[in-house]
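**Student:** Structure: start.pdb, PDB, C-alpha atoms.
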ATOM      1  CA  MET T   1     -17.921-124.491 -66.928
ATOM      2  CA  SER T   2     -19.076-126.214 -70.103
ATOM      3  CA  GLY T   3     -22.139-127.402 -68.181
ATOM      4  CA  LEU T   4     -23.050-123.782 -67.362
ATOM      5  CA  VAL T   5     -22.713-122.706 -71.014
ATOM      6  CA  LEU T   6     -24.839-125.643 -72.138
ATOM      7  CA  SER T   7     -27.555-124.779 -69.629
ATOM      8  CA  CYS T   8     -27.497-121.151 -70.858
ATOM      9  CA  PHE T   9     -28.030-122.324 -74.444
ATOM     10  CA  ARG T  10     -30.869-124.598 -73.318
ATOM     11  CA  LEU T  11     -32.441-121.643 -71.502
ATOM     12  CA  LEU T  12     -32.173-119.483 -74.631
ATOM     13  CA  ASN T  13     -33.754-122.198 -76.723
ATOM     14  CA  THR T  14     -36.651-122.539 -74.351
ATOM     15  CA  MET T  15     -37.191-118.738 -74.169
ATOM     16  CA  LYS T  16     -40.234-117.328 -75.833
ATOM     17  CA  LYS T  17     -40.141-114.559 -78.406
ATOM     18  CA  ALA T  18     -41.262-111.869 -75.897
ATOM     19  CA  GLN T  19     -38.575-112.884 -73.431
ATOM     20  CA  MET T  20     -35.976-112.626 -76.180
ATOM     21  CA  ARG T  21     -37.135-109.094 -76.938
ATOM     22  CA  VAL T  22     -36.878-108.092 -73.288
ATOM     23  CA  LEU T  23     -33.381-109.503 -73.193
ATOM     24  CA  GLU T  24     -32.583-107.559 -76.359
ATOM     25  CA  SER T  25     -33.840-104.322 -74.813
ATOM     26  CA  VAL T  26     -31.795-104.945 -71.681
ATOM     27  CA  ALA T  27     -28.697-105.540 -73.829
ATOM     28  CA  VAL T  28     -29.355-102.303 -75.754
ATOM     29  CA  LEU T  29     -29.754-100.414 -72.469
ATOM     30  CA  ILE T  30     -26.506-101.859 -71.109
ATOM     31  CA  VAL T  31     -24.631-100.829 -74.282
ATOM     32  CA  PHE T  32     -26.265 -97.391 -74.109
ATOM     33  CA  PHE T  33     -25.177 -96.872 -70.497
ATOM     34  CA  ILE T  34     -21.659 -98.064 -71.270
ATOM     35  CA  LEU T  35     -21.442 -95.543 -74.122
ATOM     36  CA  MET T  36     -22.860 -92.824 -71.867
ATOM     37  CA  VAL T  37     -20.287 -93.542 -69.151
ATOM     38  CA  ILE T  38     -17.449 -93.477 -71.714
ATOM     39  CA  GLY T  39     -18.778 -90.247 -73.279
ATOM     40  CA  SER T  40     -19.239 -88.473 -69.949
ATOM     41  CA  SER T  41     -15.822 -89.534 -68.672
ATOM     42  CA  VAL T  42     -14.224 -88.140 -71.854
ATOM     43  CA  TYR T  43     -16.249 -84.912 -71.519
ATOM     44  CA  PHE T  44     -15.433 -84.381 -67.844
ATOM     45  CA  GLY T  45     -11.796 -85.233 -68.495
ATOM     46  CA  MET T  46     -11.648 -82.519 -71.159
ATOM     47  CA  GLN T  47     -13.418 -80.043 -68.866
ATOM     48  CA  ASN T  48     -10.968 -80.842 -66.096
ATOM     49  CA  SER T  49      -7.927 -80.190 -68.274
ATOM     50  CA  LYS T  50      -9.540 -76.958 -69.554
ATOM     51  CA  LEU T  51     -10.120 -75.818 -65.970
ATOM     52  CA  LYS T  52      -6.496 -76.559 -65.112
ATOM     53  CA  LYS T  53      -5.346 -74.484 -68.110
ATOM     54  CA  ASP T  54      -7.699 -71.646 -67.124
ATOM     55  CA  ARG T  55      -6.249 -71.739 -63.620
ATOM     56  CA  VAL T  56      -2.705 -71.388 -64.964
ATOM     57  CA  VAL T  57      -3.796 -68.439 -67.149
ATOM     58  CA  PHE T  58      -5.574 -66.834 -64.191
ATOM     59  CA  GLU T  59      -2.552 -67.205 -61.910
ATOM     60  CA  ASP T  60      -0.327 -65.801 -64.636
ATOM     61  CA  SER T  61      -2.570 -62.756 -65.114
ATOM     62  CA  GLU T  62      -2.831 -62.255 -61.355
ATOM     63  CA  ALA T  63       0.959 -62.200 -61.072
ATOM     64  CA  LEU T  64       1.230 -59.601 -63.831
ATOM     65  CA  ARG T  65      -1.542 -57.543 -62.229
ATOM     66  CA  ALA T  66       0.331 -57.567 -58.917
ATOM     67  CA  LEU T  67       3.478 -56.387 -60.714
ATOM     68  CA  VAL T  68       1.575 -53.525 -62.354
ATOM     69  CA  LYS T  69       0.018 -52.632 -58.964
ATOM     70  CA  LEU T  70       3.506 -52.463 -57.519
ATOM     71  CA  GLN T  71       4.555 -49.930 -60.154
ATOM     72  CA  SER T  72       1.674 -47.661 -59.272
ATOM     73  CA  LEU T  73       2.358 -47.600 -55.534
ATOM     74  CA  PRO T  74       3.051 -44.020 -54.404
ATOM     75  CA  GLU T  75       5.499 -45.509 -51.882
ATOM     76  CA  LEU T  76       7.770 -46.482 -54.774
ATOM     77  CA  ASP T  77       6.972 -44.455 -57.869
ATOM     78  CA  CYS T  78       9.045 -41.703 -59.471
ATOM     79  CA  SER T  79       7.117 -38.490 -59.251
ATOM     80  CA  PHE T  80       8.082 -34.878 -59.311
ATOM     81  CA  ALA T  81       5.593 -32.071 -58.691
ATOM     82  CA  SER T  82       2.706 -34.561 -59.033
ATOM     83  CA  ALA T  83       4.002 -35.701 -62.438
ATOM     84  CA  HIS T  84       4.213 -39.475 -62.355
ATOM     85  CA  THR T  85       6.738 -41.344 -64.538
ATOM     86  CA  ILE T  86       5.343 -44.602 -65.872
ATOM     87  CA  ASN T  87       7.169 -47.839 -65.207
ATOM     88  CA  CYS T  88       9.662 -46.279 -62.823
ATOM     89  CA  PHE T  89      10.810 -46.779 -59.225
ATOM     90  CA  ASP T  90      12.641 -44.261 -57.069
ATOM     91  CA  LEU T  91      15.990 -45.684 -55.912
ATOM     92  CA  PHE T  92      15.733 -44.222 -52.413
ATOM     93  CA  LYS T  93      12.121 -45.235 -52.028
ATOM     94  CA  LEU T  94      13.143 -48.784 -52.978
ATOM     95  CA  GLN T  95      15.752 -48.789 -50.225
ATOM     96  CA  ALA T  96      13.324 -47.426 -47.634
ATOM     97  CA  PHE T  97      10.529 -49.769 -48.702
ATOM     98  CA  SER T  98      12.718 -52.881 -48.532
ATOM     99  CA  ASN T  99      13.686 -51.929 -44.963
ATOM    100  CA  LEU T 100      10.080 -51.200 -44.051
ATOM    101  CA  THR T 101       8.648 -54.507 -45.308
ATOM    102  CA  LYS T 102      11.014 -56.533 -43.171
ATOM    103  CA  SER T 103       8.618 -55.896 -40.263
ATOM    104  CA  GLU T 104       5.682 -58.227 -39.777
ATOM    105  CA  SER T 105       3.164 -55.384 -39.452
ATOM    106  CA  ALA T 106       4.175 -54.003 -42.872
ATOM    107  CA  GLN T 107       3.903 -57.447 -44.425
ATOM    108  CA  GLU T 108       0.417 -57.780 -42.941
ATOM    109  CA  PHE T 109      -0.495 -54.378 -44.384
ATOM    110  CA  TYR T 110       0.553 -55.334 -47.924
ATOM    111  CA  TYR T 111      -0.735 -58.904 -47.763
ATOM    112  CA  PRO T 112      -4.201 -58.087 -49.205
ATOM    113  CA  LEU T 113      -2.442 -56.487 -52.186
ATOM    114  CA  PHE T 114       0.182 -59.110 -53.017
ATOM    115  CA  GLY T 115      -0.765 -62.262 -51.071
ATOM    116  CA  ASP T 116       1.806 -65.038 -50.884
ATOM    117  CA  ALA T 117       4.604 -63.681 -53.047
ATOM    118  CA  VAL T 118       8.217 -62.587 -53.218
ATOM    119  CA  ILE T 119       8.842 -59.277 -54.992
ATOM    120  CA  SER T 120      12.244 -57.880 -55.836
ATOM    121  CA  VAL T 121      13.760 -55.187 -58.015
ATOM    122  CA  LYS T 122      17.192 -55.702 -59.491
ATOM    123  CA  VAL T 123      19.155 -52.793 -60.904
ATOM    124  CA  VAL T 124      21.059 -54.230 -63.855
ATOM    125  CA  PHE T 125      22.965 -51.292 -65.335
ATOM    126  CA  PRO T 126      25.053 -49.233 -64.629
ATOM    127  CA  LEU T 127      24.766 -50.210 -60.957
ATOM    128  CA  GLU T 128      24.163 -53.712 -59.718
ATOM    129  CA  ARG T 129      21.856 -53.768 -56.745
ATOM    130  CA  ASN T 130      19.060 -55.961 -55.539
ATOM    131  CA  PHE T 131      16.090 -54.924 -53.387
ATOM    132  CA  THR T 132      13.697 -57.436 -51.867
ATOM    133  CA  LEU T 133      10.515 -55.450 -51.477
ATOM    134  CA  TYR T 134       8.146 -58.058 -50.131
ATOM    135  CA  ASP T 135       8.746 -61.589 -48.956
ATOM    136  CA  VAL T 136       5.833 -63.676 -47.759
ATOM    137  CA  HIS T 137       6.135 -67.234 -48.938
ATOM    138  CA  PRO T 138       4.029 -70.081 -47.624
ATOM    139  CA  VAL T 139       5.498 -73.293 -46.180
ATOM    140  CA  GLU T 140       3.520 -75.391 -48.651
ATOM    141  CA  PHE T 141       2.308 -74.394 -52.093
ATOM    142  CA  LYS T 142       0.832 -76.124 -55.145
ATOM    143  CA  SER T 143       2.351 -73.970 -57.847
ATOM    144  CA  LEU T 144       4.308 -70.798 -58.419
ATOM    145  CA  VAL T 145       4.335 -68.228 -61.190
ATOM    146  CA  ARG T 146       7.404 -66.109 -61.940
ATOM    147  CA  LYS T 147       7.025 -62.783 -63.754
ATOM    148  CA  THR T 148       9.660 -60.229 -64.661
ATOM    149  CA  MET T 149       9.301 -56.784 -66.164
ATOM    150  CA  PRO T 150      11.909 -54.224 -67.276
ATOM    151  CA  VAL T 151      11.666 -51.059 -65.178
ATOM    152  CA  LEU T 152      13.466 -47.770 -64.774
ATOM    153  CA  VAL T 153      15.085 -47.018 -61.446
ATOM    154  CA  TYR T 154      15.513 -43.290 -60.877
ATOM    155  CA  ASP T 155      18.333 -41.839 -58.857
ATOM    156  CA  PRO T 156      17.048 -38.398 -57.748
ATOM    157  CA  VAL T 157      20.468 -37.265 -56.511
ATOM    158  CA  LEU T 158      22.291 -37.834 -59.806
ATOM    159  CA  SER T 159      19.083 -37.382 -61.817
ATOM    160  CA  ARG T 160      19.707 -40.588 -63.766
ATOM    161  CA  TYR T 161      17.547 -43.499 -64.838
ATOM    162  CA  TYR T 162      18.985 -47.005 -64.449
ATOM    163  CA  PHE T 163      17.864 -50.131 -66.223
ATOM    164  CA  GLY T 164      16.252 -52.607 -63.838
ATOM    165  CA  LEU T 165      14.148 -55.722 -63.677
ATOM    166  CA  SER T 166      11.250 -56.180 -61.299
ATOM    167  CA  GLU T 167      10.492 -59.782 -60.442
ATOM    168  CA  LEU T 168       7.496 -61.314 -58.760
ATOM    169  CA  ILE T 169       7.141 -64.922 -57.648
ATOM    170  CA  LYS T 170       3.524 -65.654 -56.807
ATOM    171  CA  TYR T 171       2.619 -68.760 -54.838
ATOM    172  CA  ALA T 172      -0.700 -70.599 -55.073
TER     173      ALA T 172
ATOM    174  CA  MET I 173     -24.269-111.602 -93.319
ATOM    175  CA  ARG I 174     -27.213-110.289 -95.203
ATOM    176  CA  LYS I 175     -27.012-107.279 -97.493
ATOM    177  CA  ALA I 176     -28.998-105.046 -95.114
ATOM    178  CA  GLN I 177     -26.742-105.961 -92.198
ATOM    179  CA  SER I 178     -23.545-105.190 -94.084
ATOM    180  CA  GLU I 179     -25.028-101.842 -95.188
ATOM    181  CA  MET I 180     -25.822-101.014 -91.574
ATOM    182  CA  LEU I 181     -22.291-101.930 -90.552
ATOM    183  CA  GLY I 182     -20.920 -99.653 -93.298
ATOM    184  CA  LEU I 183     -23.134 -96.806 -92.102
ATOM    185  CA  VAL I 184     -21.961 -97.230 -88.523
ATOM    186  CA  LEU I 185     -18.355 -97.207 -89.739
ATOM    187  CA  ILE I 186     -18.915 -93.971 -91.695
ATOM    188  CA  VAL I 187     -20.532 -92.294 -88.672
ATOM    189  CA  LEU I 188     -17.646 -93.395 -86.487
ATOM    190  CA  LEU I 189     -15.037 -92.090 -88.936
ATOM    191  CA  ILE I 190     -16.820 -88.727 -89.267
ATOM    192  CA  SER I 191     -17.031 -88.337 -85.459
ATOM    193  CA  VAL I 192     -13.333 -89.129 -85.056
ATOM    194  CA  GLY I 193     -12.514 -86.637 -87.840
ATOM    195  CA  ILE I 194     -14.576 -83.880 -86.207
ATOM    196  CA  LEU I 195     -12.921 -84.561 -82.844
ATOM    197  CA  ILE I 196      -9.428 -84.304 -84.381
ATOM    198  CA  ALA I 197     -10.406 -81.095 -86.226
ATOM    199  CA  ILE I 198     -11.674 -79.545 -82.970
ATOM    200  CA  VAL I 199      -8.439 -80.439 -81.184
ATOM    201  CA  ILE I 200      -6.267 -79.043 -84.021
ATOM    202  CA  PHE I 201      -8.162 -75.844 -84.776
ATOM    203  CA  SER I 202      -9.221 -74.780 -81.290
ATOM    204  CA  LYS I 203      -6.519 -72.330 -80.122
ATOM    205  CA  PRO I 204      -5.877 -72.630 -76.398
ATOM    206  CA  ILE I 205      -6.921 -69.538 -74.453
ATOM    207  CA  GLY I 206      -3.696 -69.553 -72.460
ATOM    208  CA  LYS I 207      -1.595 -68.906 -75.537
ATOM    209  CA  GLU I 208      -3.361 -65.646 -76.412
ATOM    210  CA  VAL I 209      -2.829 -64.300 -72.899
ATOM    211  CA  ARG I 210       0.836 -65.327 -72.996
ATOM    212  CA  TYR I 211       1.341 -63.609 -76.369
ATOM    213  CA  GLU I 212      -0.271 -60.443 -75.048
ATOM    214  CA  GLN I 213       2.021 -60.475 -72.019
ATOM    215  CA  GLU I 214       5.068 -60.982 -74.249
ATOM    216  CA  GLY I 215       4.012 -57.933 -76.267
ATOM    217  CA  PHE I 216       3.647 -55.927 -73.067
ATOM    218  CA  PHE I 217       7.102 -57.098 -71.975
ATOM    219  CA  ALA I 218       8.696 -56.164 -75.328
ATOM    220  CA  ALA I 219       7.112 -52.691 -75.283
ATOM    221  CA  ASN I 220       8.299 -52.147 -71.705
ATOM    222  CA  PHE I 221      11.798 -53.302 -72.596
ATOM    223  CA  LEU I 222      12.092 -50.825 -75.482
ATOM    224  CA  SER I 223      10.770 -47.849 -73.518
ATOM    225  CA  THR I 224      12.988 -48.674 -70.534
ATOM    226  CA  LEU I 225      16.036 -49.198 -72.737
ATOM    227  CA  VAL I 226      15.685 -45.843 -74.503
ATOM    228  CA  LYS I 227      15.404 -43.919 -71.236
ATOM    229  CA  SER I 228      18.133 -45.791 -69.346
ATOM    230  CA  ASP I 229      21.412 -44.159 -68.453
ATOM    231  CA  SER I 230      24.289 -45.151 -70.744
ATOM    232  CA  ASP I 231      27.037 -44.419 -68.226
ATOM    233  CA  CYS I 232      28.501 -42.019 -70.786
ATOM    234  CA  ARG I 233      28.494 -38.292 -70.090
ATOM    235  CA  GLY I 234      25.057 -38.440 -68.488
ATOM    236  CA  ARG I 235      23.383 -39.440 -71.754
ATOM    237  CA  SER I 236      20.629 -41.996 -72.087
ATOM    238  CA  VAL I 237      20.789 -44.948 -74.506
ATOM    239  CA  GLY I 238      18.172 -43.200 -76.644
ATOM    240  CA  GLU I 239      20.314 -40.056 -76.851
ATOM    241  CA  LEU I 240      23.334 -42.110 -77.916
ATOM    242  CA  LEU I 241      21.256 -43.762 -80.645
ATOM    243  CA  GLN I 242      19.990 -40.366 -81.810
ATOM    244  CA  ASP I 243      23.558 -39.080 -81.942
ATOM    245  CA  CYS I 244      24.724 -42.192 -83.781
ATOM    246  CA  ALA I 245      21.966 -41.831 -86.393
ATOM    247  CA  GLU I 246      22.494 -38.069 -86.766
ATOM    248  CA  THR I 247      26.242 -38.063 -87.169
ATOM    249  CA  HIS I 248      26.378 -41.193 -89.343
ATOM    250  CA  GLY I 249      28.941 -42.808 -87.077
ATOM    251  CA  ASN I 250      31.244 -39.734 -86.875
ATOM    252  CA  SER I 251      30.187 -38.821 -83.387
ATOM    253  CA  ALA I 252      32.035 -36.409 -81.168
ATOM    254  CA  ILE I 253      30.756 -38.174 -78.059
ATOM    255  CA  VAL I 254      33.442 -40.410 -76.654
ATOM    256  CA  CYS I 255      32.658 -42.942 -73.937
ATOM    257  CA  GLY I 256      36.023 -44.333 -72.879
ATOM    258  CA  GLU I 257      37.235 -46.344 -75.860
ATOM    259  CA  ARG I 258      33.937 -46.242 -77.715
ATOM    260  CA  ASP I 259      31.973 -43.619 -79.623
ATOM    261  CA  SER I 260      28.200 -43.154 -79.219
ATOM    262  CA  CYS I 261      27.402 -45.990 -81.694
ATOM    263  CA  GLY I 262      29.826 -48.383 -80.020
ATOM    264  CA  GLN I 263      28.603 -47.609 -76.509
ATOM    265  CA  ALA I 264      24.920 -47.935 -77.498
ATOM    266  CA  ARG I 265      25.644 -51.213 -79.283
ATOM    267  CA  PHE I 266      27.556 -52.555 -76.277
ATOM    268  CA  LEU I 267      24.747 -51.660 -73.860
ATOM    269  CA  ILE I 268      21.891 -52.949 -75.998
ATOM    270  CA  SER I 269      23.704 -56.234 -76.602
ATOM    271  CA  ASN I 270      24.422 -56.674 -72.867
ATOM    272  CA  LEU I 271      20.896 -55.848 -71.760
ATOM    273  CA  LEU I 272      19.342 -58.142 -74.368
ATOM    274  CA  ASP I 273      21.600 -60.903 -73.083
ATOM    275  CA  VAL I 274      20.608 -60.320 -69.452
ATOM    276  CA  VAL I 275      16.892 -60.017 -70.125
ATOM    277  CA  PHE I 276      16.375 -62.590 -72.898
ATOM    278  CA  SER I 277      19.320 -64.872 -73.680
ATOM    279  CA  GLU I 278      20.014 -65.810 -70.054
ATOM    280  CA  ARG I 279      16.343 -66.777 -69.657
ATOM    281  CA  GLY I 280      16.293 -68.824 -72.845
ATOM    282  CA  VAL I 281      13.918 -66.455 -74.668
ATOM    283  CA  LYS I 282      14.546 -66.124 -78.409
ATOM    284  CA  PHE I 283      14.351 -62.613 -79.817
ATOM    285  CA  TYR I 284      15.249 -60.483 -82.815
ATOM    286  CA  PHE I 285      16.203 -56.821 -82.398
ATOM    287  CA  THR I 286      16.653 -54.423 -85.321
ATOM    288  CA  ILE I 287      16.727 -50.698 -86.029
ATOM    289  CA  SER I 288      15.312 -49.271 -89.257
ATOM    290  CA  ASP I 289      14.166 -45.978 -90.757
ATOM    291  CA  ARG I 290      10.683 -45.003 -91.956
ATOM    292  CA  GLU I 291      11.105 -46.980 -95.187
ATOM    293  CA  GLY I 292      12.197 -50.083 -93.325
ATOM    294  CA  ASN I 293      15.862 -49.751 -94.371
ATOM    295  CA  THR I 294      18.668 -49.844 -91.859
ATOM    296  CA  PRO I 295      20.720 -46.601 -91.754
ATOM    297  CA  ASP I 296      24.455 -47.160 -92.474
ATOM    298  CA  SER I 297      25.581 -46.088 -89.016
ATOM    299  CA  LEU I 298      23.101 -48.478 -87.366
ATOM    300  CA  GLU I 299      23.804 -51.530 -89.506
ATOM    301  CA  ASP I 300      25.554 -53.287 -86.615
ATOM    302  CA  PHE I 301      22.470 -53.026 -84.434
ATOM    303  CA  VAL I 302      21.029 -56.432 -85.280
ATOM    304  CA  PHE I 303      20.816 -58.865 -82.382
ATOM    305  CA  GLY I 304      19.365 -62.360 -82.108
ATOM    306  CA  GLU I 305      17.994 -64.495 -84.927
ATOM    307  CA  PRO I 306      14.885 -63.843 -87.023
ATOM    308  CA  CYS I 307      11.965 -65.829 -85.599
ATOM    309  CA  SER I 308      11.138 -68.920 -87.649
ATOM    310  CA  GLY I 309       7.528 -69.257 -86.487
ATOM    311  CA  GLU I 310       5.032 -66.954 -84.784
ATOM    312  CA  PHE I 311       6.312 -63.962 -82.830
ATOM    313  CA  GLU I 312       5.172 -60.903 -80.905
ATOM    314  CA  SER I 313       6.553 -57.658 -82.263
ATOM    315  CA  LYS I 314       6.797 -54.164 -80.777
ATOM    316  CA  THR I 315       8.251 -51.011 -82.296
ATOM    317  CA  ARG I 316       9.384 -47.767 -80.663
ATOM    318  CA  PRO I 317      10.079 -44.646 -82.696
ATOM    319  CA  LEU I 318      13.012 -42.403 -81.826
ATOM    320  CA  VAL I 319      13.010 -38.930 -83.350
ATOM    321  CA  PHE I 320      16.224 -37.071 -84.163
ATOM    322  CA  ASN I 321      17.038 -33.899 -86.122
ATOM    323  CA  ASN I 322      17.164 -35.487 -89.564
ATOM    324  CA  GLY I 323      14.322 -37.955 -89.214
ATOM    325  CA  VAL I 324      13.148 -40.899 -87.236
ATOM    326  CA  ILE I 325      14.417 -44.401 -86.504
ATOM    327  CA  TYR I 326      12.390 -47.368 -85.283
ATOM    328  CA  LEU I 327      13.613 -49.826 -82.681
ATOM    329  CA  LYS I 328      11.907 -53.161 -83.315
ATOM    330  CA  LEU I 329      11.882 -56.132 -80.957
ATOM    331  CA  ASP I 330      10.389 -59.507 -81.894
ATOM    332  CA  ILE I 331       9.881 -62.122 -79.186
ATOM    333  CA  CYS I 332       9.687 -65.581 -80.748
ATOM    334  CA  HIS I 333       7.004 -68.007 -79.472
TER     335      HIS I 333
END
Could you write out this structure as structure tokens?
**Tutor:**
Amino acid sequence: MSGLVLSCFRLLNTMKKAQMRVLESVAVLIVFFILMVIGSSVYFGMQNSKLKKDRVVFEDSEALRALVKLQSLPELDCSFASAHTINCFDLFKLQAFSNLTKSESAQEFYYPLFGDAVISVKVVFPLERNFTLYDVHPVEFKSLVRKTMPVLVYDPVLSRYYFGLSELIKYA
Amino acid sequence: MRKAQSEMLGLVLIVLLISVGILIAIVIFSKPIGKEVRYEQEGFFAANFLSTLVKSDSDCRGRSVGELLQDCAETHGNSAIVCGERDSCGQARFLISNLLDVVFSERGVKFYFTISDREGNTPDSLEDFVFGEPCSGEFESKTRPLVFNNGVIYLKLDICH
């Protein structure tokens, strides 16, 4: 080992000035490339984490959008003489819809709208009832987003509005 | 080391320190995009909660929670509406407290619910309508007015971040 070091020193001593400069340039280039690799790895690492955050935000917004879409479905909304009540589901339509979406053909029909998701509406007060409106969950998934929103559930027979919570679990 | 070399080393050190400082400043001051979206959604949720709450049935003589609150504010707590063992104020308070628990407390979300008049004061009959703890840091706030014969009251819900 010491012999190798000694021979290196002898080589350096015998080097001419021009050779030394070439060696210097090579050393500068090596340092430059090392710095570039470190810099780019830091940059791409930051970009990667930003993309992951953006993906979470996107999935979150998509889930909320799906929940808002659900509220505007004529199959479920509270309307009387073409007057539509915002943020409201009809109790009997909920019942009928939850029965309807148990069939595979209905799930296929609503798949483009909701994708892989589980949607339910829970009446909290004064009744306590739970309706699963759509249930298509994949066998494997990377992440899931859960969104809830307070909604009114209208009972057209008693003409009363109940307090409810709509919940959507979106799989990605 | 020669003087010129030590000066160069000092310069490199200064440049390095400035770059590190700028990097830290960027990390601290750049607000993540995700947070803004989340805050907006919390605001949307709070607004939906208030509008749903006001219109919901109170299970008391076919009145909504909003109507009970109107009655409570109008009659200054001497309401003629009786809901079992409670008057309109008691029933509204019971329902609001329960629903806030179901929607927020059980999910670990911190909130602060208050009712005030136009001047920001709490009417005597609605003094008991304070739920949750005031938010210590940032929060998303939504207000819903409720008109009654003698004026207007404001239901305010803060969702703490």
**Student:** Name the closest residue to chain I among the candidates T:Glu104, T:Glu140, T:Asp135, T:Asp155; distances are taken between atoms, counting all atoms listed in the file.
**Tutor:** T:Asp155
**Student:** Per residue of chain T within 8 Å of chain I, record the nearest atom pair and its distance in Å to one decimal, counting all atoms listed in the file, with rows in chain order and ascending residue number, as a tab-separated table.
**Tutor:**
residue	atom	partner	partner_atom	distance
T:Lys53	CA	I:Gly206	CA	6.8
T:Asp54	CA	I:Gly206	CA	7.0
T:Val56	CA	I:Gly206	CA	7.8
T:Val57	CA	I:Gly206	CA	5.4
T:Ser61	CA	I:Val209	CA	7.9
T:Asn87	CA	I:Asn220	CA	7.9
T:Phe125	CA	I:Asp229	CA	7.9
T:Pro126	CA	I:Asp231	CA	6.3
T:Met149	CA	I:Phe217	CA	6.2
T:Pro150	CA	I:Phe221	CA	5.4
T:Val151	CA	I:Thr224	CA	6.0
T:Leu152	CA	I:Thr224	CA	5.9
T:Arg160	CA	I:Asp229	CA	6.1
T:Tyr161	CA	I:Ser228	CA	5.1
T:Tyr162	CA	I:Ser228	CA	5.1
T:Phe163	CA	I:Ser228	CA	5.4
**Student:** Within 8 Å of range 62-66 of chain T, counting only C-alpha atoms, which residues show up once you throw out same-chain ones fewer than 3 positions away? Write them as JSON, numbers by chain, please.
**Tutor:** {"T": [58, 59, 69, 70, 113, 114, 145, 146, 147, 168, 169, 170]}
**Student:** Run the PyMOL selection byres ((chain I and resi 315-331) around 6) on the file and write out the hits as a list in words.
**Tutor:**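 That selection, the PyMOL selection byres ((chain I and resi 315-331) around 6), comes back as Gln242, Phe283, Tyr284, Phe285, Thr286, Ile287, Ser288, Asp289, Phe311, Glu312, Ser313, Lys314 and Cys332 of chain I.
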**Student:** Quick one: distance from CA of Ala81 in chain T to CA of Pro156 in chain T in Å, one decimal?
**Tutor:**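 These two atoms are separated by 13.1 Å.
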**Student:** Please return the centre and edge lengths, in Å to one decimal, of a box with edges along x, y and z that contains all listed atoms of range 263-281 of chain I, widened by 3 Å on every side, as JSON.
**Tutor:**
{"center_x": 21.3, "center_y": -58.2, "center_z": -74.4, "size_x": 20.7, "size_y": 27.2, "size_z": 15.8}
**Student:** Report the distance between CA of Asp77 in chain T and CA of Leu158 in chain T in Å, rounded to one decimal place.
**Tutor:** 16.8 Å
**Student:** Rank I:Met180, I:Arg258, I:Lys282, I:Pro295 by their smallest atom-to-atom distance to His333 in chain I, using only C-alpha atoms, and report the top residue only.
**Tutor:**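 Among I:Met180, I:Arg258, I:Lys282, I:Pro295, it is I:Lys282 that comes nearest to His333 in chain I.
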**Student:** Place N, CA and C atoms on range 226-237 of chain I and deliver the coordinates as an mmCIF file, in the frame of the given file.
**Tutor:**
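Below is the file result.cif, written as the result:
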data_model
loop_
_atom_site.group_PDB
_atom_site.id
_atom_site.type_symbol
_atom_site.label_atom_id
_atom_site.label_comp_id
_atom_site.auth_asym_id
_atom_site.auth_seq_id
_atom_site.Cartn_x
_atom_site.Cartn_y
_atom_site.Cartn_z
ATOM 1 N N VAL I 226 15.455 -47.171 -73.917
ATOM 2 C CA VAL I 226 15.685 -45.843 -74.503
ATOM 3 C C VAL I 226 15.962 -44.798 -73.425
ATOM 4 N N LYS I 227 15.268 -44.930 -72.292
ATOM 5 C CA LYS I 227 15.404 -43.919 -71.236
ATOM 6 C C LYS I 227 16.559 -44.194 -70.274
ATOM 7 N N SER I 228 17.093 -45.413 -70.309
ATOM 8 C CA SER I 228 18.133 -45.791 -69.346
ATOM 9 C C SER I 228 19.428 -45.016 -69.536
ATOM 10 N N ASP I 229 20.124 -44.852 -68.420
ATOM 11 C CA ASP I 229 21.412 -44.159 -68.453
ATOM 12 C C ASP I 229 22.460 -45.032 -69.164
ATOM 13 N N SER I 230 23.313 -44.380 -69.967
ATOM 14 C CA SER I 230 24.289 -45.151 -70.744
ATOM 15 C C SER I 230 25.658 -45.192 -70.062
ATOM 16 N N ASP I 231 25.766 -44.526 -68.924
ATOM 17 C CA ASP I 231 27.037 -44.419 -68.226
ATOM 18 C C ASP I 231 28.077 -43.709 -69.108
ATOM 19 N N CYS I 232 27.611 -42.755 -69.890
ATOM 20 C CA CYS I 232 28.501 -42.019 -70.786
ATOM 21 C C CYS I 232 28.062 -40.555 -70.834
ATOM 22 N N ARG I 233 28.749 -39.736 -70.108
ATOM 23 C CA ARG I 233 28.494 -38.292 -70.090
ATOM 24 C C ARG I 233 27.035 -37.929 -69.778
ATOM 25 N N GLY I 234 26.429 -38.715 -68.922
ATOM 26 C CA GLY I 234 25.057 -38.440 -68.488
ATOM 27 C C GLY I 234 23.995 -38.613 -69.565
ATOM 28 N N ARG I 235 24.353 -39.259 -70.656
ATOM 29 C CA ARG I 235 23.383 -39.440 -71.754
ATOM 30 C C ARG I 235 22.628 -40.765 -71.585
ATOM 31 N N SER I 236 21.410 -40.754 -72.106
ATOM 32 C CA SER I 236 20.629 -41.996 -72.087
ATOM 33 C C SER I 236 20.963 -42.818 -73.333
ATOM 34 N N VAL I 237 20.540 -44.085 -73.339
ATOM 35 C CA VAL I 237 20.789 -44.948 -74.506
ATOM 36 C C VAL I 237 20.103 -44.357 -75.745
#
